[in-house]
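**Q** File coords29.txt below, compact mmCIF, C-alpha atoms and all ligand atoms:
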# COMPACT_ATOMS: atom_id res chain seq x y z
CA MET A 1 -34.06 46.43 -26.27
CA GLY A 2 -32.04 44.62 -28.94
CA ARG A 3 -33.30 44.22 -32.47
CA LEU A 4 -33.07 40.40 -32.17
CA ASP A 5 -34.00 39.87 -28.52
CA ASN A 6 -34.89 36.22 -27.77
CA LYS A 7 -34.14 35.14 -31.33
CA ILE A 8 -32.16 31.98 -32.07
CA ALA A 9 -29.88 32.13 -35.09
CA LEU A 10 -27.99 29.32 -36.81
CA ILE A 11 -25.11 30.55 -38.94
CA THR A 12 -23.21 28.20 -41.24
CA GLY A 13 -19.64 29.25 -41.92
CA GLY A 14 -19.90 31.13 -38.64
CA ALA A 15 -16.33 30.58 -37.45
CA ASN A 16 -14.72 33.09 -39.83
CA GLY A 17 -15.22 36.07 -42.07
CA ILE A 18 -18.69 37.31 -42.90
CA GLY A 19 -20.45 34.58 -40.87
CA LYS A 20 -18.51 35.41 -37.73
CA GLN A 21 -19.28 39.12 -38.15
CA ILE A 22 -22.97 38.39 -38.69
CA ALA A 23 -22.99 36.27 -35.52
CA THR A 24 -21.31 39.13 -33.66
CA ARG A 25 -23.94 41.68 -34.76
CA TYR A 26 -26.74 39.25 -33.93
CA THR A 27 -25.47 38.61 -30.40
CA GLU A 28 -24.94 42.34 -29.86
CA GLU A 29 -28.66 42.74 -30.67
CA GLY A 30 -29.81 40.07 -28.22
CA ALA A 31 -29.78 36.84 -30.24
CA LYS A 32 -28.35 33.52 -29.16
CA VAL A 33 -26.28 31.93 -31.89
CA VAL A 34 -25.21 28.52 -33.10
CA LEU A 35 -22.09 28.62 -35.22
CA ALA A 36 -21.76 25.72 -37.65
CA ASP A 37 -18.46 25.29 -39.43
CA PHE A 38 -16.10 22.56 -40.59
CA ASN A 39 -12.97 24.33 -39.41
CA ALA A 40 -12.91 22.86 -35.88
CA GLU A 41 -10.02 24.98 -34.65
CA ALA A 42 -11.51 28.28 -35.78
CA LEU A 43 -14.92 27.21 -34.49
CA GLU A 44 -13.59 26.48 -31.02
CA ALA A 45 -11.71 29.79 -30.89
CA THR A 46 -14.72 31.80 -32.11
CA VAL A 47 -17.16 30.20 -29.68
CA ALA A 48 -14.70 30.80 -26.82
CA GLU A 49 -14.36 34.44 -27.90
CA PHE A 50 -18.15 34.92 -27.92
CA LYS A 51 -18.51 33.34 -24.48
CA ALA A 52 -15.68 35.47 -23.09
CA ASN A 53 -17.59 38.52 -24.32
CA GLY A 54 -20.68 37.35 -22.41
CA PHE A 55 -22.66 36.18 -25.47
CA GLU A 56 -24.61 32.92 -25.69
CA ALA A 57 -23.01 30.84 -28.41
CA HIS A 58 -22.84 27.16 -29.26
CA GLY A 59 -20.56 25.53 -31.84
CA VAL A 60 -21.31 22.55 -34.08
CA LYS A 61 -18.68 21.05 -36.35
CA VAL A 62 -20.36 20.34 -39.69
CA ASN A 63 -19.77 19.91 -43.35
CA VAL A 64 -22.87 21.39 -44.98
CA ALA A 65 -22.30 19.05 -47.93
CA VAL A 66 -23.16 16.09 -45.67
CA GLU A 67 -26.83 15.44 -44.95
CA GLU A 68 -26.29 13.87 -41.49
CA ASP A 69 -24.23 16.90 -40.42
CA VAL A 70 -26.99 19.28 -41.49
CA GLN A 71 -29.61 17.22 -39.64
CA LYS A 72 -27.41 17.32 -36.53
CA MET A 73 -26.77 21.06 -36.86
CA VAL A 74 -30.47 21.96 -36.83
CA ASP A 75 -31.44 19.32 -34.24
CA GLU A 76 -28.65 20.52 -31.94
CA THR A 77 -29.75 24.15 -32.35
CA ILE A 78 -33.26 23.28 -31.22
CA ALA A 79 -31.99 21.00 -28.43
CA THR A 80 -29.66 23.73 -27.13
CA PHE A 81 -31.83 26.83 -27.38
CA GLY A 82 -35.37 25.43 -27.76
CA ARG A 83 -36.18 26.82 -31.21
CA ILE A 84 -34.75 28.35 -34.37
CA ASP A 85 -35.77 31.69 -35.88
CA ILE A 86 -32.99 32.64 -38.28
CA LEU A 87 -30.86 30.51 -40.60
CA VAL A 88 -27.93 32.22 -42.31
CA ASN A 89 -26.44 30.12 -45.11
CA CYS A 90 -22.98 31.60 -45.22
CA ALA A 91 -20.62 28.61 -45.63
CA GLY A 92 -19.04 28.77 -49.05
CA VAL A 93 -15.89 28.05 -51.03
CA LEU A 94 -14.26 29.37 -54.19
CA ASP A 95 -13.67 27.68 -57.55
CA MET A 96 -10.18 29.07 -58.24
CA MET A 97 -11.76 31.31 -60.92
CA GLN A 98 -11.75 28.40 -63.34
CA ALA A 99 -13.08 29.53 -66.73
CA ALA A 100 -15.43 27.20 -68.61
CA HIS A 101 -12.76 25.41 -70.65
CA ASN A 102 -10.63 24.80 -67.54
CA VAL A 103 -13.31 23.49 -65.14
CA ASP A 104 -12.05 20.61 -63.06
CA ASP A 105 -14.71 18.04 -62.06
CA THR A 106 -13.43 17.83 -58.49
CA ILE A 107 -13.79 21.60 -58.06
CA TRP A 108 -17.21 21.60 -59.76
CA ASN A 109 -18.52 18.86 -57.46
CA ARG A 110 -17.07 20.40 -54.28
CA VAL A 111 -18.36 23.92 -54.98
CA MET A 112 -21.80 22.65 -56.00
CA ASP A 113 -22.02 20.34 -52.97
CA ILE A 114 -21.13 23.12 -50.53
CA ASN A 115 -22.39 26.36 -52.09
CA VAL A 116 -25.62 24.96 -53.57
CA GLY A 117 -26.24 21.65 -51.78
CA GLY A 118 -25.47 23.18 -48.38
CA VAL A 119 -28.09 25.89 -48.86
CA MET A 120 -30.66 23.39 -50.11
CA ARG A 121 -30.04 20.88 -47.28
CA SER A 122 -30.14 23.48 -44.51
CA SER A 123 -33.27 25.11 -45.92
CA ARG A 124 -34.95 21.72 -46.42
CA LYS A 125 -34.36 20.89 -42.76
CA VAL A 126 -35.56 24.17 -41.21
CA LEU A 127 -38.61 24.82 -43.40
CA PRO A 128 -40.91 22.24 -41.73
CA VAL A 129 -39.98 23.79 -38.36
CA TYR A 130 -40.72 27.29 -39.70
CA MET A 131 -44.04 26.14 -41.21
CA GLU A 132 -45.12 24.69 -37.88
CA GLN A 133 -44.19 27.79 -35.90
CA LYS A 134 -45.52 30.02 -38.71
CA SER A 135 -42.40 32.17 -38.72
CA GLY A 136 -38.77 32.02 -39.69
CA VAL A 137 -36.09 33.79 -41.67
CA ILE A 138 -33.52 32.45 -44.12
CA ILE A 139 -30.66 34.64 -45.31
CA ASN A 140 -28.42 33.32 -48.06
CA LEU A 141 -24.99 34.57 -49.07
CA SER A 142 -25.16 34.86 -52.81
CA SER A 143 -22.59 37.05 -54.54
CA MET A 144 -22.11 39.58 -57.29
CA ALA A 145 -21.36 36.40 -59.25
CA GLY A 146 -24.94 35.34 -58.49
CA ILE A 147 -26.48 38.28 -60.34
CA THR A 148 -23.91 39.10 -63.04
CA GLY A 149 -22.15 36.84 -65.53
CA GLY A 150 -18.48 37.56 -65.84
CA ARG A 151 -17.08 38.28 -62.40
CA GLY A 152 -16.19 34.79 -61.18
CA GLY A 153 -15.25 31.35 -62.40
CA LEU A 154 -17.89 29.27 -64.19
CA THR A 155 -18.72 26.98 -61.26
CA TYR A 156 -18.90 29.73 -58.63
CA THR A 157 -21.09 31.81 -60.95
CA ALA A 158 -23.40 28.87 -61.61
CA ALA A 159 -23.54 28.06 -57.88
CA LYS A 160 -24.33 31.60 -56.78
CA HIS A 161 -26.98 31.95 -59.50
CA ALA A 162 -28.49 28.79 -58.01
CA VAL A 163 -28.48 30.45 -54.58
CA THR A 164 -30.25 33.46 -56.10
CA GLY A 165 -32.85 31.12 -57.64
CA MET A 166 -33.36 29.12 -54.44
CA THR A 167 -33.85 32.36 -52.50
CA LYS A 168 -36.68 33.49 -54.78
CA ASN A 169 -38.19 30.01 -54.99
CA ILE A 170 -38.36 29.58 -51.21
CA ALA A 171 -39.67 33.13 -50.70
CA SER A 172 -42.37 32.51 -53.23
CA HIS A 173 -43.43 29.08 -51.97
CA TYR A 174 -43.26 29.68 -48.21
CA GLY A 175 -44.20 33.34 -47.75
CA GLU A 176 -47.76 32.36 -46.86
CA PHE A 177 -46.37 30.31 -43.94
CA GLY A 178 -44.70 33.34 -42.37
CA VAL A 179 -41.28 32.53 -43.84
CA ARG A 180 -39.03 35.19 -45.35
CA CYS A 181 -36.03 34.23 -47.49
CA ASN A 182 -33.66 36.88 -48.83
CA ALA A 183 -30.08 36.97 -50.05
CA ILE A 184 -27.12 39.30 -50.00
CA ALA A 185 -24.95 39.62 -53.09
CA PRO A 186 -21.65 41.23 -52.08
CA ALA A 187 -18.89 42.28 -54.42
CA GLN A 188 -15.55 41.77 -52.73
CA VAL A 189 -15.35 41.51 -48.95
CA ASN A 190 -12.14 41.67 -46.92
CA THR A 191 -12.06 38.17 -45.41
CA GLY A 192 -9.70 35.20 -45.60
CA LEU A 193 -11.73 33.68 -48.47
CA THR A 194 -9.64 34.92 -51.39
CA GLN A 195 -6.39 35.09 -49.47
CA SER A 196 -6.50 31.33 -48.85
CA VAL A 197 -6.31 30.49 -52.56
CA ASP A 198 -3.09 30.33 -54.53
CA ASN A 199 -3.77 28.12 -57.55
CA PHE A 200 -6.03 30.39 -59.55
CA ASP A 201 -6.82 29.71 -63.20
CA MET A 202 -4.92 32.70 -64.58
CA PHE A 203 -7.10 32.94 -67.72
CA GLY A 204 -10.29 32.92 -65.65
CA LEU A 205 -8.82 35.38 -63.15
CA LYS A 206 -7.84 37.80 -65.92
CA GLN A 207 -11.24 37.61 -67.61
CA ALA A 208 -13.19 37.94 -64.34
CA THR A 209 -11.26 40.96 -63.10
CA ARG A 210 -11.26 43.04 -66.32
CA GLY A 211 -13.83 45.47 -64.94
CA VAL A 212 -12.67 45.52 -61.33
CA GLN A 213 -11.55 49.15 -61.52
CA THR A 214 -15.22 50.15 -61.71
CA MET A 215 -15.77 48.72 -58.20
CA LEU A 216 -15.09 51.58 -55.79
CA ARG A 217 -13.69 49.45 -52.95
CA ALA A 218 -14.00 46.15 -51.14
CA ALA A 219 -16.42 45.87 -48.21
CA GLU A 220 -15.57 45.25 -44.59
CA PRO A 221 -17.46 42.25 -43.12
CA ILE A 222 -19.38 44.57 -40.79
CA GLU A 223 -21.01 46.23 -43.82
CA ILE A 224 -22.43 42.86 -44.89
CA ALA A 225 -23.33 41.91 -41.31
CA ASN A 226 -25.42 45.06 -40.93
CA ILE A 227 -27.46 44.05 -43.98
CA ALA A 228 -27.89 40.55 -42.53
CA LEU A 229 -29.11 42.15 -39.30
CA PHE A 230 -31.70 44.23 -41.15
CA LEU A 231 -32.89 41.19 -43.12
CA ALA A 232 -33.19 39.12 -39.93
CA SER A 233 -35.07 41.75 -37.96
CA GLU A 234 -38.69 42.85 -38.09
CA GLU A 235 -37.52 46.05 -39.79
CA SER A 236 -37.53 44.09 -43.06
CA SER A 237 -40.90 42.39 -42.42
CA TYR A 238 -42.23 43.37 -45.86
CA ILE A 239 -39.15 42.13 -47.76
CA ASN A 240 -39.18 38.59 -49.18
CA GLY A 241 -37.35 37.09 -52.16
CA VAL A 242 -34.91 39.95 -52.59
CA VAL A 243 -31.27 39.50 -53.62
CA LEU A 244 -29.66 42.64 -52.36
CA ALA A 245 -26.51 43.81 -54.16
CA ALA A 246 -23.87 45.14 -51.75
CA ASP A 247 -21.29 46.48 -54.15
CA THR A 248 -20.94 50.29 -54.04
CA GLY A 249 -22.92 50.39 -57.29
CA TRP A 250 -20.57 48.06 -59.18
CA SER A 251 -23.44 46.10 -60.75
CA ALA A 252 -25.24 49.33 -61.58
CA TYR A 253 -22.50 50.22 -64.05
N1 LIG A 301 -15.37 37.39 -49.28
C1 LIG A 301 -15.93 37.78 -50.40
O1 LIG A 301 -15.33 38.57 -51.19
C2 LIG A 301 -17.31 37.30 -50.77
C3 LIG A 301 -18.02 37.96 -51.81
C4 LIG A 301 -19.28 37.52 -52.16
C5 LIG A 301 -19.86 36.45 -51.52
N2 LIG A 301 -19.16 35.81 -50.53
C6 LIG A 301 -19.79 34.65 -49.89
O2 LIG A 301 -19.91 34.87 -48.51
C7 LIG A 301 -19.83 33.64 -47.80
C8 LIG A 301 -18.80 33.74 -46.69
O3 LIG A 301 -17.54 34.06 -47.25
P1 LIG A 301 -16.31 34.60 -46.37
O4 LIG A 301 -15.63 35.61 -47.20
O5 LIG A 301 -16.76 34.93 -45.01
O6 LIG A 301 -15.39 33.29 -46.36
P2 LIG A 301 -14.44 32.72 -45.19
O7 LIG A 301 -13.57 31.73 -45.89
O8 LIG A 301 -13.81 33.84 -44.44
O9 LIG A 301 -15.45 31.97 -44.25
C9 LIG A 301 -16.21 30.90 -44.73
C10 LIG A 301 -16.43 29.91 -43.61
O10 LIG A 301 -17.19 28.82 -44.15
C11 LIG A 301 -16.64 27.62 -43.65
N3 LIG A 301 -16.97 26.53 -44.56
C12 LIG A 301 -16.52 26.35 -45.83
N4 LIG A 301 -17.01 25.22 -46.32
C13 LIG A 301 -17.80 24.67 -45.37
C14 LIG A 301 -18.56 23.48 -45.29
N5 LIG A 301 -18.60 22.60 -46.30
N6 LIG A 301 -19.26 23.24 -44.15
C15 LIG A 301 -19.20 24.09 -43.11
N7 LIG A 301 -18.47 25.21 -43.12
C16 LIG A 301 -17.77 25.50 -44.24
C17 LIG A 301 -15.14 27.88 -43.55
O11 LIG A 301 -14.50 26.98 -42.65
C18 LIG A 301 -15.13 29.32 -43.07
O12 LIG A 301 -15.12 29.38 -41.65
C19 LIG A 301 -19.50 32.57 -48.85
O13 LIG A 301 -20.69 31.91 -49.21
C20 LIG A 301 -18.97 33.37 -50.02
O14 LIG A 301 -19.17 32.73 -51.25
C21 LIG A 301 -17.91 36.22 -50.14
Kindly present the structure from the file in structure tokens form.
Ligand SMILES: NC(=O)c1ccc[n+]([C@@H]2O[C@H](COP(=O)([O-])OP(=O)(O)OC[C@H]3O[C@@H](n4cnc5c(N)ncnc54)[C@H](O)[C@@H]3O)[C@@H](O)[C@H]2O)c1

**A**
Amino acid sequence: MGRLDNKIALITGGANGIGKQIATRYTEEGAKVVLADFNAEALEATVAEFKANGFEAHGVKVNVAVEEDVQKMVDETIATFGRIDILVNCAGVLDMMQAAHNVDDTIWNRVMDINVGGVMRSSRKVLPVYMEQKSGVIINLSSMAGITGGRGGLTYTAAKHAVTGMTKNIASHYGEFGVRCNAIAPAQVNTGLTQSVDNFDMFGLKQATRGVQTMLRAAEPIEIANIALFLASEESSYINGVVLAADTGWSAY
């Protein structure tokens, strides 16, 4: 018996990094997964890898900042596997650590559209389905920047605080319909996310990393995926509206 037998999970940002690892853990525990990502090449490779390993996986190329794409992503999940039980809002981008006086409007709009708008749009689309079936789980990727003030750029911090707020709002409003919505707030995770950026705001980077020596170590994606597995499974049936820090105690300092 797997911990997610017969469950259908839709994972945005599922082609790489944390999302891919979450999808891996879910399939290992019996779920069928839809991976939604705008990196078509990585998506194709990841879906092929899952199928080669004998897992049921379907890929949808989407930009979570685009409403029609989000509609398609959820509709295609239901058309392919018959239902949806778990939505993981993992797609996200960085803001180059831009401090408040250096915020660029293009970066602000992009990060807000993807990191905040993507979570809102995906949740807005699945909630009526969850209300009708009287069950459903949403797991959001917030961040240490979503529960503390100084560890990211201004836009990323604002966006992840919004994710924290949406998580609690949805949990509070939809708990009575059998919906659970929780978030994970990791410190640093070893993925391609930070490695792909080279034009950091050096002032913002310096300010945001002043206390980094008090973080014991970065996480491996599997350590975040195991939390996402717990939050998706019945083992966490009494947990709703929680933003769980995954940071080796960094935020406790
Ligand atoms: N890596 C970290 O240190 C860290 C720490 C805290 C929180 N997070 C959060 O975890 C989530 C995943 O991060 P990761 O490290 O796995 O990043 P990643 O870059 O390895 O993977 C993110 C995936 O999201 C996809 N994506 C980005 N924008 C998209 C869009 N508009 N539509 C669809 N797909 C899109 C990318 O193509 C990529 O496959 C993000 O929300 C990030 O903010 C990461």

**Q** If you measure from atom C3 of ligand LIG 301 (chain A) to atom CA of A:Gly30, what distance in Å do you get, rounded to one decimal?

**A**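 One can read the atom C3 of ligand LIG 301 (chain A) to atom CA of A:Gly30 distance as 26.5 Å.
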
**Q** Tell me, in Å to one decimal, how far atom CA of A:Ala208 is from atom C11 of ligand LIG 301 (chain A).

**A**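 Between these atoms lies a distance of 23.4 Å.
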
**Q** Looking at only C-alpha atoms, which of A:Leu229, A:Met202, A:Leu216, A:Val137 is the one that sits closest to A:Gly241?

**A**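 Once distances to A:Gly241 are computed over only C-alpha atoms, the minimum belongs to A:Val137.
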
**Q** May I have the residues within 8 Å of ligand LIG 301 (chain A), computed using all atoms listed in the file, as a PyMOL selection string?

**A** chain A and resi 12-20+36-39+42-43+61-66+89-94+113-115+118+140-145+156+160+184-194+196+218-219+221

**Q** For a cut-off of 9 Å around (-27.4, 33.4, -28.5), file coordinates, pick out all residues using only C-alpha atoms and list them as an mmCIF file with C-alpha atoms, in the coordinates of the input.

**A**
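The result, written out as point.cif:
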data_model
loop_
_atom_site.group_PDB
_atom_site.id
_atom_site.type_symbol
_atom_site.label_atom_id
_atom_site.label_comp_id
_atom_site.auth_asym_id
_atom_site.auth_seq_id
_atom_site.Cartn_x
_atom_site.Cartn_y
_atom_site.Cartn_z
ATOM 1 C CA ASN A 6 -34.890 36.220 -27.770
ATOM 2 C CA LYS A 7 -34.140 35.140 -31.330
ATOM 3 C CA ILE A 8 -32.160 31.980 -32.070
ATOM 4 C CA ALA A 9 -29.880 32.130 -35.090
ATOM 5 C CA ALA A 23 -22.990 36.270 -35.520
ATOM 6 C CA TYR A 26 -26.740 39.250 -33.930
ATOM 7 C CA THR A 27 -25.470 38.610 -30.400
ATOM 8 C CA GLY A 30 -29.810 40.070 -28.220
ATOM 9 C CA ALA A 31 -29.780 36.840 -30.240
ATOM 10 C CA LYS A 32 -28.350 33.520 -29.160
ATOM 11 C CA VAL A 33 -26.280 31.930 -31.890
ATOM 12 C CA VAL A 34 -25.210 28.520 -33.100
ATOM 13 C CA PHE A 55 -22.660 36.180 -25.470
ATOM 14 C CA GLU A 56 -24.610 32.920 -25.690
ATOM 15 C CA ALA A 57 -23.010 30.840 -28.410
ATOM 16 C CA HIS A 58 -22.840 27.160 -29.260
ATOM 17 C CA PHE A 81 -31.830 26.830 -27.380
#

**Q** To one decimal in Å, tell me the separation between atom CA of A:Glu68 and atom CA of A:Lys125.

**A** 10.8 Å

**Q** Residues within 12 Å of A:Asn53, please, as a PDB file with C-alpha atoms, keeping the file's coordinate frame. Count only C-alpha atoms; anything in the same chain fewer than 6 positions from it doesn't count.

**A**
ATOM      1  CA  THR A  24     -21.310  39.130 -33.660  1.00  0.00           C
ATOM      2  CA  THR A  27     -25.470  38.610 -30.400  1.00  0.00           C
ATOM      3  CA  GLU A  28     -24.940  42.340 -29.860  1.00  0.00           C
ATOM      4  CA  THR A  46     -14.720  31.800 -32.110  1.00  0.00           C
ATOM      5  CA  VAL A  47     -17.160  30.200 -29.680  1.00  0.00           C
TER       6      VAL A  47
END

**Q** Can you tell me, as a ChimeraX atom specification, what residues are no more than 12 Å from A:Arg180 when counting all atoms listed in the file, ignoring any on the same chain fewer than 2 positions away?

**A** /A:85-88,123,127,130-131,134-140,167-178,182-183,231-234,236-242

**Q** Closest to A:Asp201 among A:Gly2, A:Gly54, A:Gly59, A:Gly153, using all atoms listed in the file?

**A**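 Result for the nearest residue to A:Asp201: A:Gly153.
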
**Q** Would you pick out the contacts of A:Gly146 at 8 Å or less, using all atoms listed in the file, so that residues sharing its chain but fewer than 6 positions from it are not included, and give the list as JSON, numbers by chain?

**A** {"A": [157, 158, 159, 160, 161, 162, 163, 164, 185]}

**Q** How big is the axis-aligned box around the listed atoms of stretch 232-236 of chain A once 8 Å is added on each side, and where is its centre? Give both in Å to one decimal, as lines of an AutoDock Vina configuration file.

**A**
center_x = -35.9
center_y = 42.6
center_z = -40.5
size_x = 21.5
size_y = 22.9
size_z = 21.1

**Q** Name the closest residue to A:Thr148 among the candidates A:Val243, A:Ile222, A:Ala48, A:Met73; distances are taken between atoms, counting only C-alpha atoms.

**A** A:Val243

**Q** Could you tell me which of A:Gly211, A:Leu205, A:Leu10, A:Leu154 comes closest to A:Val74 if we count all atoms listed in the file?

**A**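 Result for the nearest residue to A:Val74: A:Leu10.
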
**Q** Would you please work out which residue, of A:Leu4, A:Ile84, A:Leu244, A:Val60, is nearest to A:Gln133 when using only C-alpha atoms?

**A**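 Of the candidates, the smallest distance to A:Gln133 is held by A:Ile84.
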
**Q** Since the input is missing atoms, can you rebuild N, CA, C and O atoms for stretch 127-146 of chain A and write them as a compact mmCIF listing (two decimals), in the frame of the given file?

**A**
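Output file selection.txt is given in full below:
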# COMPACT_ATOMS: atom_id res chain seq x y z
N LEU A 127 -37.30 24.36 -42.92
CA LEU A 127 -38.61 24.82 -43.40
C LEU A 127 -39.80 24.15 -42.71
O LEU A 127 -40.77 24.85 -42.35
N PRO A 128 -39.77 22.83 -42.47
CA PRO A 128 -40.91 22.24 -41.73
C PRO A 128 -41.06 22.83 -40.33
O PRO A 128 -42.19 23.01 -39.85
N VAL A 129 -39.93 23.16 -39.69
CA VAL A 129 -39.98 23.79 -38.36
C VAL A 129 -40.62 25.18 -38.49
O VAL A 129 -41.51 25.55 -37.71
N TYR A 130 -40.17 25.94 -39.48
CA TYR A 130 -40.72 27.29 -39.70
C TYR A 130 -42.22 27.23 -40.01
O TYR A 130 -43.00 28.07 -39.55
N MET A 131 -42.62 26.25 -40.83
CA MET A 131 -44.04 26.14 -41.21
C MET A 131 -44.90 25.86 -39.98
O MET A 131 -45.99 26.40 -39.83
N GLU A 132 -44.36 25.02 -39.09
CA GLU A 132 -45.12 24.69 -37.88
C GLU A 132 -45.23 25.89 -36.95
O GLU A 132 -46.30 26.16 -36.40
N GLN A 133 -44.13 26.64 -36.81
CA GLN A 133 -44.19 27.79 -35.90
C GLN A 133 -44.73 29.05 -36.60
O GLN A 133 -44.90 30.09 -35.99
N LYS A 134 -44.95 28.93 -37.89
CA LYS A 134 -45.52 30.02 -38.71
C LYS A 134 -44.65 31.28 -38.73
O LYS A 134 -45.13 32.40 -38.85
N SER A 135 -43.35 31.06 -38.61
CA SER A 135 -42.40 32.17 -38.72
C SER A 135 -41.01 31.61 -38.94
O SER A 135 -40.73 30.46 -38.57
N GLY A 136 -40.16 32.43 -39.51
CA GLY A 136 -38.77 32.02 -39.69
C GLY A 136 -38.14 32.80 -40.82
O GLY A 136 -38.80 33.21 -41.78
N VAL A 137 -36.84 33.00 -40.68
CA VAL A 137 -36.09 33.79 -41.67
C VAL A 137 -34.94 32.95 -42.20
O VAL A 137 -34.26 32.25 -41.44
N ILE A 138 -34.72 33.03 -43.50
CA ILE A 138 -33.52 32.45 -44.12
C ILE A 138 -32.79 33.58 -44.84
O ILE A 138 -33.42 34.35 -45.57
N ILE A 139 -31.49 33.66 -44.60
CA ILE A 139 -30.66 34.64 -45.31
C ILE A 139 -29.53 33.88 -45.99
O ILE A 139 -28.78 33.15 -45.34
N ASN A 140 -29.45 34.02 -47.30
CA ASN A 140 -28.42 33.32 -48.06
C ASN A 140 -27.33 34.28 -48.50
O ASN A 140 -27.62 35.42 -48.86
N LEU A 141 -26.09 33.80 -48.49
CA LEU A 141 -24.99 34.57 -49.07
C LEU A 141 -24.86 34.16 -50.52
O LEU A 141 -24.29 33.12 -50.83
N SER A 142 -25.42 35.00 -51.38
CA SER A 142 -25.16 34.86 -52.81
C SER A 142 -23.88 35.64 -53.09
O SER A 142 -22.96 35.65 -52.26
N SER A 143 -23.82 36.34 -54.17
CA SER A 143 -22.59 37.05 -54.54
C SER A 143 -22.91 37.92 -55.76
O SER A 143 -23.91 37.69 -56.45
N MET A 144 -22.02 38.86 -56.02
CA MET A 144 -22.11 39.58 -57.29
C MET A 144 -22.10 38.58 -58.44
O MET A 144 -22.75 38.79 -59.47
N ALA A 145 -21.40 37.46 -58.23
CA ALA A 145 -21.36 36.40 -59.25
C ALA A 145 -22.70 35.68 -59.36
O ALA A 145 -22.90 34.89 -60.29
N GLY A 146 -23.61 35.96 -58.44
CA GLY A 146 -24.94 35.34 -58.49
C GLY A 146 -25.95 36.20 -59.21
O GLY A 146 -27.11 35.78 -59.40
